Structures are given as C-alpha cells and as structure tokens.
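Data first, discussion second: the structure below is written as structure tokens.
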Amino acid sequence: MILHRPISRRHVLRTGAAFTALSALSPARMAMADPTGDPFVLRAASGQAALRPLPYGPTNVWSYSGSVPGPEIRVRQGDRIRVLAQNGLDEGTTIHWHGIRTPNSMDGVPFLTQDPIPVAGEFLYEFDALDAGTFWYHPHQRSSEQVGRGLYGPLIVEEADPIRVDRDLTWMLDDWRMTRAGQLSDDFGNRHDAMHGGRIGNSVTINGEIPERISVQSGERIRLRLINAANARIFGLDFGDFEPVVVALDGQPVTPHAPDGGVVVIGPAMRVDLVIDMTGKPGEAVTVTDVFYEGLEYRLVDLVYGPDRLRDSVPDWSMDLPPNPLAEPDMASAARHQIVFNGGMMGQMMMGSGMGSMMDQMREGNMWFINGEAATGHMMDPLLVLPQGTSHVFEMDNRTAWHHPIHFHGHSFRVIARNGQPTRYREWQDTVLMAPEERVEIAFAADNPGDWMFHCHILEHQAAGMMGVIRVEPGTTKT
Ligand code: C2O
Ligand code: CU
C-alpha cells in the first residue's frame, strides 16, 4: 500500500480482502424531542482513528467523541436538536451545522455569531430541524486544520414519511494527506495549497476507513447519502453498471434524475442523496470509481453481491421526497447583485479595476477575492445588506482558473442558471460548485435574519480570503 503518492489507478490503497465494516457507522439516535432531556454531547479532542486497515496502526486525529466521523446525529423533521459542544482541544472551536437553517446565534461562526468556545469550555447548541435531509456538522474555527484533522460528522433529519428503501446508508467521504508513516502531514495552511486547489490528500476514506469492499444484496434498493467532508477534493463518482438516481441535493429534494454523464459530482461540503437498485446477480461485483480529476482516476470501493437475492425485479416505489418548507424567491421583485470571484494561480486577478487594491491585499497573504475584497481575521463588514423578506438573485462570476464550492449560511437557494442557460431542475442547494470561468445564478428569499457567512468551502481558499458576510436585516417579513 502506498500512501504518500497522489492517488492513481495503480496506487490505490489496495489491501487484503477483508470487508470493511462500513455499515457499522452507528447512528447515535438522539431522543431529542424532549426539550428538558439531557443534550447530546459532542466532545472535540485529539485522539486516534484506524483510518488504514490492519495491520497498519492508527492515525492521530482530532475527532468528536472519539470517532471519525463523529457520531451520526439522526432526528425526525420537526425535532429539537440539542447538542452540548465540549472543547477538549488546545485551541478555541465552534460547531457549525452545515445546511441547517438555524437561528443566527446557533450558526457556530466564531467572532460573528458567537465567541469561540474556549479550551475546556462548552456551548449548548439548540435549534429545530426545520428541513428533512442530509446535513453535517463541523467546526468553523481554523476550519482548514480542524476539519482537516477529522472534526466532522453527519446530521440526518428523517422525513416524517420517508421514501421506501431497503437500506439507508450514509457515506461520509474524506481525503487525507498522509505521510509515509501513516500520520497526517502537518503542512496545514501552506501557501501552495491556498493558491491552487486547496489541500488535496492522498488517501480517501468512507466513514473514516479506507474502503475495500462493501457487501450488497441482489435486488435491494439502497438510499445512499453522500457527504463530502474533504477540505478540497471534488469527487466524481462513477457507479459502473448501476444507474443511480439523484433524489436530493444538499439535503433538499430534487426531481429524481440520472446524474449528468452518469457521474455523481460532489464538491466539498455538498451532499447528494441517491437511490440505487442493486440489479446484479449474487456473486457479482461492481467497482465505484472516482473519475473527477483527469488522469488521476482511482477505484474507490467495490460493491460485492452476497449469495442471496432479495427480489427479482426493480421495485416501483416512488422516489419523490416531500418538499421542505423553504421560502420561494419572488422572481418578479428579486433584486440582482453581481458577485465576482477573483484570485489564485493563473486567474484573471490582474485584470480589471481594483487591481491595485488586490495586489496590496496579496502582499498581506490573501489570494482570493469576492468583489475585490479578501476577508481577513475577525470579520468583516457585510458585502450586502438585504432587508428580511425580500428576494435576491446573485449573478456569480468565477473569474478564476479553479473550481469553487460556494456556500451560503442560514438559507438554501435555487440554482437557476449556469452560463446564461436556465437549469433543468432549479435545484435547491446550500453549496454550489462553480467550474473555472463559470457564471452561476442563484435565487433566494432572505428570510432568516442575521449575519451569514458566504464563502468558498475549499477551506484553504476560505482562509486565504474567499469569504464574506451577507446581512439579512431584521424587519417585518412580507406576507
Ligand atoms: Cu460548512 Cu461556513 O461551512
Ligand atoms: Cu474556492
């Protein structure tokens, strides 16, 4: 097994034939409907994790409650989530509930929505699960290193009336930069990663393990919840002979459809819910390949059919998830805003006005800009102030040579156009992947008051300036 080289087909983390116990991601189902009960505790601390299979030893990580990923929090839509975050790290931290529409004070952004939780301190997060879907949690303080060392976990909000499947699986994908000795390379926040595609690793895990084979049953229908917890790696999963159907993006239902070109693309922080029918025969195997980076394709995992057959034909059960209670943007009255992203290597950062200012900011170590400004340190005047109850379109223009997964806190938005072409499904997302030079339009109703982060979720880009704040000014909500 070679862990120190970039992943390629030949250098793929191949080991013995043991099945990894991937379904063993045990949900910590919380009895949280009772608001007087004890909160669920997530303790951030350093520890160890068996990322590599035996006989390799464990890797030093930072984790929640001793496991990577942290415990799966699973609740019902409408439940109240109460989590006591305890800080056992040697530095301040917070927890952000990615994609969840919380009140601003529960959003977990240090210096913006709360003070960092100090060393040995704790903080009670408490909010309602308004939307059903696949979400996740992670720190928002020095995220590049804190998330990169293993602090993250899944948060699943079940529909009151879920679609019928035989198994509901979560795959939390991550990508680690490991040394030859199997420890995490500690070059977090280096300038090269920041100027390029971020901290790309050399070892990919599913639910904290380098996977080998996962067993499936002929005829079964699986709902597979993919969560990309990597700092920077974009996945493009090719499921071989399977025909996965996308049923939700970033937790929000979407018209069930086959992924473009058969490849499920999932940028950092994004989620995709798939329904997959296991149409092969007992004894067969299907390889799942990550084909996103050309020339660096690798085998992610094999799905291997067990000896039994669950059923002979594909079930005709509905794949339509019930919609979540999101505020629909009013397109007739929506205000339009131009948001231009610049920076990085080989970008057009030298072009256009404002170049002098960006050059000055680069001397201070910033490399990425939103409308000519790199955000630094302890925040930031808002990029935009939007009255609560109004609708908005962001015309986002990626004038860089890099992909950027752009995330907006506290709201989901519809992706309405790409390069001037209307999107087919007007999909709701909270993180939208912009290709190099791509223009993407999103629309949303500003209905959640507070100061909300708007940033690239390649965590090294965020740290090097690619973030800002959008203020939703409280007021009377339009009815
Ligand atoms: Cu997943 Cu601003 O975060
Ligand atoms: Cu970016």
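Letters A, B, ... mark the chains of the structure tokens in the order given; residue numbers begin at 1 per chain; ligand numbers begin at 1, in order shown.
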
**OP:** Find the residues near ligand 1. Use a cut-off of 9 Å, count only C-alpha atoms and all ligand atoms, and write them as JSON, numbers by chain.
**Re:** {"A": [96, 97, 98, 99, 107, 108, 109, 136, 137, 138, 139, 140, 143, 229, 268, 269, 270, 407, 408, 409, 431, 452, 453, 454, 455, 456, 457, 459, 462, 467]}

Residue subset to file, keeping N, CA and C atoms, as a PDB file, in the first residue's frame:
```pdb
ATOM      1  N   HIS A  96     -20.504  24.303  13.502  1.00  0.00           N
ATOM      2  CA  HIS A  96     -21.437  24.834  12.509  1.00  0.00           C
ATOM      3  C   HIS A  96     -22.259  23.674  11.968  1.00  0.00           C
ATOM      4  N   TRP A  97     -23.550  23.912  11.763  1.00  0.00           N
ATOM      5  CA  TRP A  97     -24.489  22.863  11.325  1.00  0.00           C
ATOM      6  C   TRP A  97     -24.739  23.096   9.847  1.00  0.00           C
ATOM      7  N   HIS A  98     -23.936  22.484   9.017  1.00  0.00           N
ATOM      8  CA  HIS A  98     -23.876  22.870   7.609  1.00  0.00           C
ATOM      9  C   HIS A  98     -25.181  22.536   6.890  1.00  0.00           C
ATOM     10  N   GLY A  99     -25.800  23.584   6.332  1.00  0.00           N
ATOM     11  CA  GLY A  99     -27.018  23.409   5.544  1.00  0.00           C
ATOM     12  C   GLY A  99     -28.298  23.520   6.344  1.00  0.00           C
ATOM     13  N   ASP A 107     -25.440  29.392  14.693  1.00  0.00           N
ATOM     14  CA  ASP A 107     -24.786  29.047  13.438  1.00  0.00           C
ATOM     15  C   ASP A 107     -23.316  28.654  13.605  1.00  0.00           C
ATOM     16  N   GLY A 108     -22.742  28.960  14.765  1.00  0.00           N
ATOM     17  CA  GLY A 108     -21.406  28.450  15.061  1.00  0.00           C
ATOM     18  C   GLY A 108     -20.258  29.124  14.332  1.00  0.00           C
ATOM     19  N   VAL A 109     -20.409  30.403  13.990  1.00  0.00           N
ATOM     20  CA  VAL A 109     -19.299  31.100  13.331  1.00  0.00           C
ATOM     21  C   VAL A 109     -18.597  31.993  14.351  1.00  0.00           C
ATOM     22  N   TRP A 136     -24.574  18.042   7.770  1.00  0.00           N
ATOM     23  CA  TRP A 136     -23.400  17.620   8.548  1.00  0.00           C
ATOM     24  C   TRP A 136     -22.946  18.739   9.462  1.00  0.00           C
ATOM     25  N   TYR A 137     -22.070  18.378  10.358  1.00  0.00           N
ATOM     26  CA  TYR A 137     -21.561  19.379  11.303  1.00  0.00           C
ATOM     27  C   TYR A 137     -20.035  19.386  11.305  1.00  0.00           C
ATOM     28  N   HIS A 138     -19.468  20.553  11.582  1.00  0.00           N
ATOM     29  CA  HIS A 138     -18.011  20.697  11.597  1.00  0.00           C
ATOM     30  C   HIS A 138     -17.650  22.010  12.282  1.00  0.00           C
ATOM     31  N   PRO A 139     -16.419  22.182  12.732  1.00  0.00           N
ATOM     32  CA  PRO A 139     -16.023  23.454  13.345  1.00  0.00           C
ATOM     33  C   PRO A 139     -15.960  24.544  12.289  1.00  0.00           C
ATOM     34  N   HIS A 140     -16.085  25.781  12.738  1.00  0.00           N
ATOM     35  CA  HIS A 140     -15.923  26.912  11.807  1.00  0.00           C
ATOM     36  C   HIS A 140     -14.758  27.783  12.232  1.00  0.00           C
ATOM     37  N   SER A 143     -10.914  26.233  10.214  1.00  0.00           N
ATOM     38  CA  SER A 143     -11.532  25.012   9.668  1.00  0.00           C
ATOM     39  C   SER A 143     -10.553  24.172   8.880  1.00  0.00           C
ATOM     40  N   ALA A 229     -16.840  15.578   3.066  1.00  0.00           N
ATOM     41  CA  ALA A 229     -16.246  16.295   4.198  1.00  0.00           C
ATOM     42  C   ALA A 229     -14.798  16.698   3.936  1.00  0.00           C
ATOM     43  N   PRO A 268     -16.662  19.849  -2.162  1.00  0.00           N
ATOM     44  CA  PRO A 268     -16.548  19.921  -0.709  1.00  0.00           C
ATOM     45  C   PRO A 268     -17.804  20.517  -0.074  1.00  0.00           C
ATOM     46  N   ALA A 269     -18.258  19.878   0.980  1.00  0.00           N
ATOM     47  CA  ALA A 269     -19.406  20.279   1.805  1.00  0.00           C
ATOM     48  C   ALA A 269     -20.742  19.907   1.197  1.00  0.00           C
ATOM     49  N   MET A 270     -20.753  19.465  -0.064  1.00  0.00           N
ATOM     50  CA  MET A 270     -22.025  19.173  -0.710  1.00  0.00           C
ATOM     51  C   MET A 270     -22.502  17.775  -0.327  1.00  0.00           C
ATOM     52  N   HIS A 407     -20.696  28.448  -0.583  1.00  0.00           N
ATOM     53  CA  HIS A 407     -21.684  28.109   0.447  1.00  0.00           C
ATOM     54  C   HIS A 407     -22.262  29.367   1.080  1.00  0.00           C
ATOM     55  N   PHE A 408     -23.565  29.361   1.275  1.00  0.00           N
ATOM     56  CA  PHE A 408     -24.255  30.459   1.941  1.00  0.00           C
ATOM     57  C   PHE A 408     -24.911  29.887   3.199  1.00  0.00           C
ATOM     58  N   HIS A 409     -24.677  30.540   4.315  1.00  0.00           N
ATOM     59  CA  HIS A 409     -25.236  30.049   5.578  1.00  0.00           C
ATOM     60  C   HIS A 409     -26.694  30.505   5.770  1.00  0.00           C
ATOM     61  N   THR A 431     -24.714  24.895  -1.188  1.00  0.00           N
ATOM     62  CA  THR A 431     -23.329  24.992  -1.637  1.00  0.00           C
ATOM     63  C   THR A 431     -23.357  24.693  -3.128  1.00  0.00           C
ATOM     64  N   TRP A 452     -24.679  36.329   7.980  1.00  0.00           N
ATOM     65  CA  TRP A 452     -24.452  34.966   7.473  1.00  0.00           C
ATOM     66  C   TRP A 452     -23.199  34.916   6.623  1.00  0.00           C
ATOM     67  N   MET A 453     -22.395  33.885   6.839  1.00  0.00           N
ATOM     68  CA  MET A 453     -21.200  33.686   6.023  1.00  0.00           C
ATOM     69  C   MET A 453     -21.584  33.281   4.602  1.00  0.00           C
ATOM     70  N   PHE A 454     -20.754  33.748   3.689  1.00  0.00           N
ATOM     71  CA  PHE A 454     -20.880  33.412   2.273  1.00  0.00           C
ATOM     72  C   PHE A 454     -19.441  33.144   1.846  1.00  0.00           C
ATOM     73  N   HIS A 455     -19.115  31.885   1.561  1.00  0.00           N
ATOM     74  CA  HIS A 455     -17.692  31.592   1.345  1.00  0.00           C
ATOM     75  C   HIS A 455     -17.461  30.364   0.495  1.00  0.00           C
ATOM     76  N   CYS A 456     -16.240  30.261   0.015  1.00  0.00           N
ATOM     77  CA  CYS A 456     -15.806  29.045  -0.666  1.00  0.00           C
ATOM     78  C   CYS A 456     -15.558  27.970   0.372  1.00  0.00           C
ATOM     79  N   HIS A 457     -16.010  26.737   0.081  1.00  0.00           N
ATOM     80  CA  HIS A 457     -15.816  25.643   1.036  1.00  0.00           C
ATOM     81  C   HIS A 457     -14.567  24.821   0.742  1.00  0.00           C
ATOM     82  N   LEU A 459     -11.417  24.840   2.012  1.00  0.00           N
ATOM     83  CA  LEU A 459     -11.174  25.540   3.282  1.00  0.00           C
ATOM     84  C   LEU A 459      -9.915  26.390   3.219  1.00  0.00           C
ATOM     85  N   GLN A 462     -11.031  29.657   1.600  1.00  0.00           N
ATOM     86  CA  GLN A 462     -11.744  30.461   2.596  1.00  0.00           C
ATOM     87  C   GLN A 462     -10.733  31.186   3.491  1.00  0.00           C
ATOM     88  N   MET A 467     -14.169  34.750   1.404  1.00  0.00           N
ATOM     89  CA  MET A 467     -15.369  34.711   2.241  1.00  0.00           C
ATOM     90  C   MET A 467     -15.871  36.121   2.456  1.00  0.00           C
TER      91      MET A 467
END
```

Original post:
Can you tell me, as a list of chain:residue names, what residues are no more than 8 Å from Ser67 in chain A when counting only C-alpha atoms, ignoring any on the same chain fewer than 4 positions away?
Top reply: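 Listed by chain and then number, they are A:Ala49, A:Ser63, A:Pro71.
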
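Between ligand 2 and the candidates A:Gly148, A:Gly133, A:Gly465, A:Pro53, the tightest atom-to-atom separation, counting only C-alpha atoms and all ligand atoms, involves A:Gly465.
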
Neighbouring residues of ligand 2 are defined here as those with any atom at most 6 Å from a ligand atom, counting only C-alpha atoms and all ligand atoms; list them as a PDB file with C-alpha atoms, in the first residue's frame.
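Resulting contents of selection_39.pdb:
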```
ATOM      1  CA  HIS A 404     -15.147  26.792  -6.063  1.00  0.00           C
ATOM      2  CA  CYS A 456     -15.806  29.045  -0.666  1.00  0.00           C
ATOM      3  CA  ILE A 458     -12.371  24.770  -0.202  1.00  0.00           C
ATOM      4  CA  HIS A 461      -9.458  29.300  -0.177  1.00  0.00           C
TER       5      HIS A 461
END
```

Subject >> Nearest residue to Phe444 in chain A from the set A:Thr289, A:Asn371, A:Gln361, A:Ser333 (distances using only C-alpha atoms) >> reply: A:Ser333

**OP:** Could you give me, as a ChimeraX atom specification, the residues within 9 Å of Val440 in chain A, counting only C-alpha atoms and dropping anything in the same chain fewer than 5 positions from it?
**Re:** /A:394-398,415-420,432-434

**OP:** Would you list the contacts of Val288 in chain A as a VMD selection string, taking every protein, DNA or RNA residue within 6 Å and counting only C-alpha atoms, but skipping same-chain residues closer than 6 positions in sequence?
**Re:** chain A and resid 238 to 239 300 to 302

The selected residues should be written to file as an mmCIF file, in the first residue's frame (atoms: all heavy atoms).
```
data_model
loop_
_atom_site.group_PDB
_atom_site.id
_atom_site.type_symbol
_atom_site.label_atom_id
_atom_site.label_comp_id
_atom_site.auth_asym_id
_atom_site.auth_seq_id
_atom_site.Cartn_x
_atom_site.Cartn_y
_atom_site.Cartn_z
ATOM 1 N N ASP A 238 -18.358 7.380 -10.411
ATOM 2 C CA ASP A 238 -18.917 6.579 -11.487
ATOM 3 C C ASP A 238 -19.288 5.225 -10.881
ATOM 4 O O ASP A 238 -18.409 4.497 -10.424
ATOM 5 C CB ASP A 238 -17.858 6.438 -12.583
ATOM 6 C CG ASP A 238 -18.349 5.625 -13.767
ATOM 7 O OD1 ASP A 238 -19.281 4.802 -13.587
ATOM 8 O OD2 ASP A 238 -17.800 5.797 -14.864
ATOM 9 N N PHE A 239 -20.579 4.921 -10.877
ATOM 10 C CA PHE A 239 -21.066 3.703 -10.230
ATOM 11 C C PHE A 239 -21.121 2.508 -11.184
ATOM 12 O O PHE A 239 -21.874 1.564 -10.957
ATOM 13 C CB PHE A 239 -22.434 3.945 -9.582
ATOM 14 C CG PHE A 239 -22.351 4.711 -8.289
ATOM 15 C CD1 PHE A 239 -22.247 6.100 -8.294
ATOM 16 C CD2 PHE A 239 -22.347 4.057 -7.071
ATOM 17 C CE1 PHE A 239 -22.157 6.813 -7.111
ATOM 18 C CE2 PHE A 239 -22.261 4.763 -5.872
ATOM 19 C CZ PHE A 239 -22.165 6.143 -5.893
ATOM 20 N N LEU A 300 -12.560 3.598 -5.950
ATOM 21 C CA LEU A 300 -12.910 3.977 -4.584
ATOM 22 C C LEU A 300 -13.233 2.750 -3.749
ATOM 23 O O LEU A 300 -12.690 2.562 -2.659
ATOM 24 C CB LEU A 300 -14.114 4.938 -4.597
ATOM 25 C CG LEU A 300 -14.647 5.348 -3.225
ATOM 26 C CD1 LEU A 300 -13.628 6.177 -2.460
ATOM 27 C CD2 LEU A 300 -15.956 6.122 -3.362
ATOM 28 N N VAL A 301 -14.108 1.903 -4.267
ATOM 29 C CA VAL A 301 -14.544 0.745 -3.484
ATOM 30 C C VAL A 301 -15.260 -0.221 -4.430
ATOM 31 O O VAL A 301 -15.751 0.187 -5.483
ATOM 32 C CB VAL A 301 -15.487 1.197 -2.343
ATOM 33 C CG1 VAL A 301 -16.810 1.740 -2.867
ATOM 34 C CG2 VAL A 301 -15.704 0.097 -1.316
ATOM 35 N N ASP A 302 -15.309 -1.489 -4.043
ATOM 36 C CA ASP A 302 -16.109 -2.472 -4.779
ATOM 37 C C ASP A 302 -17.372 -2.787 -3.993
ATOM 38 O O ASP A 302 -17.314 -2.985 -2.776
ATOM 39 C CB ASP A 302 -15.321 -3.782 -4.977
ATOM 40 C CG ASP A 302 -14.202 -3.615 -6.001
ATOM 41 O OD1 ASP A 302 -14.259 -2.652 -6.788
ATOM 42 O OD2 ASP A 302 -13.277 -4.448 -5.988
#
```

Original post:
Looking at only C-alpha atoms, which of A:Arg177, A:Arg167, A:Arg101, A:Arg82 is the one that sits closest to Val61 in chain A?
Top reply: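 With only C-alpha atoms as the atom set, the closest residue is A:Arg177.
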
For Pro103 in chain A: contacts at 10 Å, only C-alpha atoms, fewer than 2 positions along chain excluded, given as a PDB file with C-alpha atoms, in the first residue's frame:
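The result, written out as part-v5.pdb:
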```
ATOM      1  CA  ILE A 100     -29.353  23.579   8.535  1.00  0.00           C
ATOM      2  CA  ARG A 101     -31.442  26.732   8.785  1.00  0.00           C
ATOM      3  CA  SER A 105     -26.974  32.704  17.203  1.00  0.00           C
ATOM      4  CA  MET A 106     -26.743  28.906  16.694  1.00  0.00           C
ATOM      5  CA  ASP A 107     -24.786  29.047  13.438  1.00  0.00           C
ATOM      6  CA  THR A 113     -22.390  34.643  15.723  1.00  0.00           C
ATOM      7  CA  GLU A 126     -30.245  24.235  20.342  1.00  0.00           C
ATOM      8  CA  PHE A 127     -32.485  24.592  17.292  1.00  0.00           C
ATOM      9  CA  ASP A 128     -35.353  22.935  15.433  1.00  0.00           C
ATOM     10  CA  GLY A 410     -28.739  30.147   7.024  1.00  0.00           C
ATOM     11  CA  ASN A 448     -33.548  34.382   8.118  1.00  0.00           C
ATOM     12  CA  PRO A 449     -32.306  37.496   9.919  1.00  0.00           C
ATOM     13  CA  GLY A 450     -28.668  37.819  10.976  1.00  0.00           C
TER      14      GLY A 450
END
```

**OP:** Check range 177-384 of chain A with DSSP on the backbone and list each residue it calls strand (DSSP E), as a ChimeraX atom specification.
**Re:** /A:203-206,213-218,221-228,235-238,245-249,252-257,263-266,271-277,285-290,298-309,335-343,368-370,384

Write a file of the selected residues as an mmCIF file, in the first residue's frame, keeping C-alpha atoms.
```
data_model
loop_
_atom_site.group_PDB
_atom_site.id
_atom_site.type_symbol
_atom_site.label_atom_id
_atom_site.label_comp_id
_atom_site.auth_asym_id
_atom_site.auth_seq_id
_atom_site.Cartn_x
_atom_site.Cartn_y
_atom_site.Cartn_z
ATOM 1 C CA SER A 203 -5.874 8.730 0.977
ATOM 2 C CA VAL A 204 -9.628 8.655 0.614
ATOM 3 C CA THR A 205 -11.870 7.286 3.339
ATOM 4 C CA ILE A 206 -15.547 6.406 3.544
ATOM 5 C CA ARG A 213 -15.375 -3.941 -0.381
ATOM 6 C CA ILE A 214 -18.899 -3.299 0.745
ATOM 7 C CA SER A 215 -21.458 -6.033 0.570
ATOM 8 C CA VAL A 216 -24.836 -5.566 -1.067
ATOM 9 C CA GLN A 217 -27.722 -7.847 -1.854
ATOM 10 C CA SER A 218 -29.142 -8.608 -5.251
ATOM 11 C CA ARG A 221 -32.840 -0.738 -3.049
ATOM 12 C CA ILE A 222 -30.416 1.497 -1.172
ATOM 13 C CA ARG A 223 -30.704 5.163 -0.328
ATOM 14 C CA LEU A 224 -27.118 6.329 -0.299
ATOM 15 C CA ARG A 225 -26.426 9.657 1.365
ATOM 16 C CA LEU A 226 -23.095 11.022 0.156
ATOM 17 C CA ILE A 227 -21.447 13.783 2.172
ATOM 18 C CA ASN A 228 -18.169 15.329 1.058
ATOM 19 C CA PHE A 235 -15.442 13.675 -6.150
ATOM 20 C CA GLY A 236 -16.922 12.474 -9.442
ATOM 21 C CA LEU A 237 -18.295 9.023 -8.695
ATOM 22 C CA ASP A 238 -18.917 6.579 -11.487
ATOM 23 C CA VAL A 245 -30.941 8.250 -9.326
ATOM 24 C CA VAL A 246 -30.311 11.632 -7.670
ATOM 25 C CA VAL A 247 -33.222 12.355 -5.322
ATOM 26 C CA ALA A 248 -31.827 15.167 -3.153
ATOM 27 C CA LEU A 249 -29.025 17.739 -3.329
ATOM 28 C CA GLN A 252 -33.218 19.307 -0.422
ATOM 29 C CA PRO A 253 -35.448 17.145 -2.638
ATOM 30 C CA VAL A 254 -34.893 17.448 -6.388
ATOM 31 C CA THR A 255 -36.804 15.921 -9.308
ATOM 32 C CA PRO A 256 -35.395 12.376 -9.402
ATOM 33 C CA HIS A 257 -32.941 12.220 -12.298
ATOM 34 C CA VAL A 263 -21.143 10.716 -12.898
ATOM 35 C CA VAL A 264 -22.159 11.986 -9.464
ATOM 36 C CA VAL A 265 -20.145 15.167 -8.900
ATOM 37 C CA ILE A 266 -19.895 16.334 -5.331
ATOM 38 C CA ARG A 271 -24.396 16.253 -0.268
ATOM 39 C CA VAL A 272 -26.106 14.034 -2.795
ATOM 40 C CA ASP A 273 -28.810 11.506 -1.911
ATOM 41 C CA LEU A 274 -29.005 8.642 -4.378
ATOM 42 C CA VAL A 275 -31.416 5.786 -4.810
ATOM 43 C CA ILE A 276 -29.626 2.763 -6.249
ATOM 44 C CA ASP A 277 -31.178 -0.550 -7.205
ATOM 45 C CA ALA A 285 -19.051 -7.114 -8.025
ATOM 46 C CA VAL A 286 -19.261 -3.527 -9.199
ATOM 47 C CA THR A 287 -16.426 -1.056 -8.874
ATOM 48 C CA VAL A 288 -17.150 2.526 -7.865
ATOM 49 C CA THR A 289 -14.539 4.783 -9.454
ATOM 50 C CA ASP A 290 -13.739 8.417 -8.741
ATOM 51 C CA TYR A 298 -8.896 5.620 -8.929
ATOM 52 C CA ARG A 299 -11.025 2.798 -7.633
ATOM 53 C CA LEU A 300 -12.910 3.977 -4.584
ATOM 54 C CA VAL A 301 -14.544 0.745 -3.484
ATOM 55 C CA ASP A 302 -16.109 -2.472 -4.779
ATOM 56 C CA LEU A 303 -19.717 -3.302 -4.097
ATOM 57 C CA VAL A 304 -19.899 -7.075 -3.870
ATOM 58 C CA TYR A 305 -23.136 -9.059 -4.061
ATOM 59 C CA GLY A 306 -23.735 -11.586 -1.351
ATOM 60 C CA PRO A 307 -25.125 -15.049 -2.125
ATOM 61 C CA ASP A 308 -28.801 -14.218 -1.590
ATOM 62 C CA ARG A 309 -31.356 -12.494 -3.711
ATOM 63 C CA ALA A 335 -33.015 42.379 -6.697
ATOM 64 C CA ARG A 336 -29.995 41.352 -8.754
ATOM 65 C CA HIS A 337 -26.435 41.523 -7.400
ATOM 66 C CA GLN A 338 -23.181 40.899 -9.198
ATOM 67 C CA ILE A 339 -20.662 38.848 -7.286
ATOM 68 C CA VAL A 340 -17.260 38.410 -8.891
ATOM 69 C CA PHE A 341 -14.665 35.936 -7.693
ATOM 70 C CA ASN A 342 -11.007 36.567 -8.458
ATOM 71 C CA GLY A 343 -7.635 35.295 -7.431
ATOM 72 C CA TRP A 368 -8.839 35.121 -3.214
ATOM 73 C CA PHE A 369 -11.297 37.964 -3.562
ATOM 74 C CA ILE A 370 -15.042 38.493 -3.624
ATOM 75 C CA LEU A 384 -24.502 43.124 1.125
#
```
